[in-house]
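Following: one structure in structure tokens, then a few remarks.
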Amino acid sequence: MINLKIDGKDVQIAPGATILDAAESVGIKIPTLCYLKKISTTGACRVCAVEVAGADKTMTACNTLAIDGMEVTTQSEKLAKIRRQIVELLLVNHPLDCPVCDAGGECDLQDICYAQDVTRQPFEAEDVNAETIDKWPLIQQVPNRCIMCEKCVKVCHELIGSSALFINKKGDRAFIDKDLEKCEFCGNCVQVCPTGTMISKPFKFKARPWELRKTATVCTICPAQCQVDMHSKQGQILRVTSEDGTTVNDGNLCVGGFFAHDYLVSKKRLSAPLVKQDDRQQQAGWDDALALAAGELVRLRDEFGGQAVAGLTSPRLSNEENYLFQKLFRVGLASNNIDSEARFGALRAAKVLDEQLKLTGASNHLDRIGQSEAVLVFGSDPSSEVPAVDWQIQHAHLKNDAKLIVANLRQDKLAGQSETFLQYRVGSEAYLAAALAKLIVDKGQADKDFLQQFVANADELTAYLADIDLDAVCTATGVERALLEEAADHIGQAASVAIVFGRDLTASSQAEAGVAALANLALVSGALHGDKGGLFPIDEKGNMQGLLDAGACPEMLPGFQNYETAKEKFAAAWHTELPEGGADAAAILTGIEAGNIRALYLAGTNPLVDFPESARWRKALDKVDFLVVQDILASELTDMADVVLAGAASTEKRGSVTALDQRINNLRIAVDPPGEARPDLAILADLFSRISGKPEPSDAAVRQEMIELGGLYSDVCQTLEQRSFCWKEAYAPAKQSLTATVIKLTPVPENELQLLIGKSRFQFGSTTTASAATAELEASGVIEISAEDAGKIGVADGGRIKLSSPAGAVTGPVKVSEQLPSGLLFAPYNFADLNIQQIATTGSNSVPVTAAKA
């Protein structure tokens, strides 16, 4: 430890700490302006100047290391004069436009002027500031307010990893500029700006900070579930912020969290129930709408049996809502025909991990990614899918010098930053993961102690890996042997490993084999061993983990309990006999087409956009006798419904949601739902009572039942009403409880052109497409294509292309992309206008296509 004196007070602190750190540790406040704890220090403003005994000039406390025996003075007449003059110099040519500046009332420069008694502007200079930059989407830059603290530049580079912001020109003509192609529009530059230089255009002139009501809650745009503050005025959320140092996301936000909230006030918002009469929907009272919905569902159940009724739910709903949804069907409607969009990806991965690793989600907390010595990103684009995961990868890679290995079909941002990039072919994921595991074992780098202690068939795994032909793997994947060796070395030599995988793998045609191979790799590499690293399956949707936990699928009951094994326990608790069998999403579609399923209840989900074979779903829904849609936004789907039940967004209701790393978060009401719209749990509870004849369950009763029957929640979660969040039980497998899988590697199909369907860069699900803010960045879907393939087809950037697959055809605009190899196209599934899912096939996020200029 280092011993020093600050203002006569003895201070002891660890080596490597700065004077500012040392002062803070004993409660001594040194003024700062450019300092931000979560980024590297700049020392640009020099407001933190202090006197050090023996030094002939003042030193900046933020970036001067504390040394043994140092004597520091933080307050003196000399320092007060220096700090005052520094601030006065910062004000040269700074406009006195505080009354119309959005930072007014929460401006660090205003605060430092007040604290340092700066009451005049004695210096003058030629005004050479650049003109206001208004051409950027969503963010305005006002250079003459800038003090060149560089917080925005460093956050952009060090935390977000996009490096979009940079300093243009030199000296007094320098200003912050931006590479728009790199910008992720996360809004963090706006959040950290100490003045009104970086301004959110959607928030500009909307309110003064003291007018806003602040509600602490979580963002459910994606499954990282960042802790945020919703700022509202007159019942409307006007901005979203997050605090540094006290939140799990350390104050960082993404484009969805910072900007997309205006979908809440979209013209598409549903504000009252609708009932179809004479082929026209008309507004109805809640009692009439619920009576019609309950009456028709019961009539069809009684006439044709429970198997004639089906329901599809959503990761947009809360834990309690999804729990009650599955109970409504099983208890009230005698139907086990329930499923969700998790069927096409997240559920497939979860079932493999549960069977093989006794794992029901991520094995560790998100921040353990940032503490890893090696990170493998496999079949995922975290920068788009779950930006908070990307930030942890940036932390590991940039701050902790972790090795980054990226295995992906596309050359995305992380691929460009990686030490090793493995660009594999569609359908070869299992080959690639198996080869990495084999090489780690062959090199003697496997976690042998963990394998022998926890894996029941460790010897079988070793023998299986020994037989893998690496030459065959290279042929199947298209990856060079040297790159495989390099990647395996990075992983095998690391003391802690994080493996992140996403939709490109979990929704692929070989998802089960690929996830099983990746689970084997996690066992071999030690990713499941210790408190750093881990295995992290990610999905774009906000409460996907909570949806999986709720058991809203025919093969599972809440808590990942096998339906056939656990149904007697649930039947006894629910005082009813549970139905036999059950149909998943694919079987529900077939059942509707065959006329066996007469009624369909859709809660927060839209198969016409979100599901593969969406055109087939469109035709099927025309046939169904009775369609109930519970949602927050009007769409083609709600136009088809017999009854529309207007629900509430996560910012408009109470409940809990579960983040991808098993953190259970409490939702708090920031604003009320529009008009007569109701929280989804209230809707489901009312329907449950009407259909089952049982009392309407309270929120607390539903949560208590989840705890008692689900078996996934620790005792501490029973106090969630008084807490912002709690953790599920930590992953701690029993000895010899894990199983490696011997995977039969199937031939990789050869196709001239493959279309990969995935997440858009700036939209989350189909919900945020109703946001005017994110529409500025990406208003509609495009089909991305390599320059080589575009040349062969004869299309240019901005042209149109027609794609045909066994499921149908679609025409859309073209974007020529450097991220794609020849033979691979990409299109986002988020947009109803493109509706790329209509040419997808169930069970695969990639499809062979033919392409022609349109």
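Residue names in the structure tokens use chain letters A, B, ... in the order shown, residue numbers from 1 in each chain, and ligand numbers from 1 in the order shown.
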Sorted by chain and rising residue number, list the residues of segment 498-557 of chain A at most 7 Å from segment 427-442 of chain A (counting only C-alpha atoms), each with its closest atom pair and distance in Å to one decimal, as a Markdown table.
```
| residue | atom | partner | partner_atom | distance |
| --- | --- | --- | --- | --- |
| A:Ser509 | CA | A:Gly427 | CA | 6.8 |
| A:Gln510 | CA | A:Gly427 | CA | 6.2 |
| A:Ala513 | CA | A:Ala430 | CA | 5.8 |
| A:Gly514 | CA | A:Ala430 | CA | 4.1 |
| A:Ala517 | CA | A:Ala430 | CA | 5.5 |
| A:Leu518 | CA | A:Ala433 | CA | 5.4 |
| A:Leu521 | CA | A:Ala437 | CA | 4.9 |
| A:Val524 | CA | A:Ala437 | CA | 6.3 |
```
Go ahead and write the residues just picked, C-alpha atoms, as a CSV table (one decimal), in the first residue's frame.
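Written file, again_3.csv:
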```
chain,number,residue,atom,x,y,z
A,509,SER,CA,-31.0,-25.6,-39.4
A,510,GLN,CA,-28.4,-27.4,-37.3
A,513,ALA,CA,-26.0,-30.0,-33.1
A,514,GLY,CA,-24.2,-26.6,-33.0
A,517,ALA,CA,-20.9,-28.9,-29.9
A,518,LEU,CA,-20.5,-25.5,-28.2
A,521,LEU,CA,-16.3,-26.7,-26.0
A,524,VAL,CA,-13.3,-28.6,-22.4
```
Inset, instruction - For Leu589 of chain A, work out the shell of residues within 9 Å, counting only C-alpha atoms and skipping chain neighbours fewer than 3 positions away, then give it as a list of chain:residue names. - result: A:Asp584, A:Ala585, A:Ala586, A:Ile592, A:Glu593, A:Ala594, A:Ile597, A:Arg616, A:Trp617, A:Ala620, A:Leu621
Legend entry - All residues 10 Å or closer to Ala507 of chain A, only C-alpha atoms, same chain fewer than 5 positions away omitted, as a PyMOL selection string: chain A and resi 342-349+379+502+512+757-758+842-846
Legend entry - Polymer residues at most 9 Å from Gln411 of chain A, only C-alpha atoms, same-chain spacing of 3 or more positions, as a list in words: Asn408, Leu414, Ala415, Gly416, Phe421, Gln423, Glu818, Gln819, Leu820 and Pro821 of chain A
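For the residues A:Leu803, A:Val657, A:Ile199, A:Leu484, ranking by smallest atom-to-atom distance to Glu320 of chain A using only C-alpha atoms places A:Val657 first.
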Legend entry - Coordinates-based distance that separates atom CA of Pro15 of chain A from atom CA of Thr32 of chain A (Å, one decimal): 22.0 Å
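Counting only C-alpha atoms, Gly781 of chain A has the following residues at most 7 Å away, ignoring those fewer than 2 positions along the same chain: Ile783, Pro828, Phe831 and Leu834 of chain A.
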With N, CA and C atoms retained, export the selected residues as an mmCIF file, in the first residue's frame.
```
data_model
loop_
_atom_site.group_PDB
_atom_site.id
_atom_site.type_symbol
_atom_site.label_atom_id
_atom_site.label_comp_id
_atom_site.auth_asym_id
_atom_site.auth_seq_id
_atom_site.Cartn_x
_atom_site.Cartn_y
_atom_site.Cartn_z
ATOM 1 N N ILE A 783 -32.177 -5.659 -48.425
ATOM 2 C CA ILE A 783 -31.502 -6.935 -48.661
ATOM 3 C C ILE A 783 -30.033 -6.638 -48.938
ATOM 4 N N PRO A 828 -33.002 -8.276 -42.610
ATOM 5 C CA PRO A 828 -33.555 -8.234 -41.255
ATOM 6 C C PRO A 828 -35.014 -8.671 -41.226
ATOM 7 N N PHE A 831 -38.976 -5.867 -40.178
ATOM 8 C CA PHE A 831 -39.835 -4.929 -40.906
ATOM 9 C C PHE A 831 -40.993 -5.623 -41.611
ATOM 10 N N LEU A 834 -40.918 -5.222 -45.677
ATOM 11 C CA LEU A 834 -40.127 -6.209 -46.428
ATOM 12 C C LEU A 834 -40.663 -7.616 -46.181
#
```
Legend entry - Backbone DSSP call of strand (DSSP E or B) for segment 421-607 of chain A, listed as a count of residues only: 23
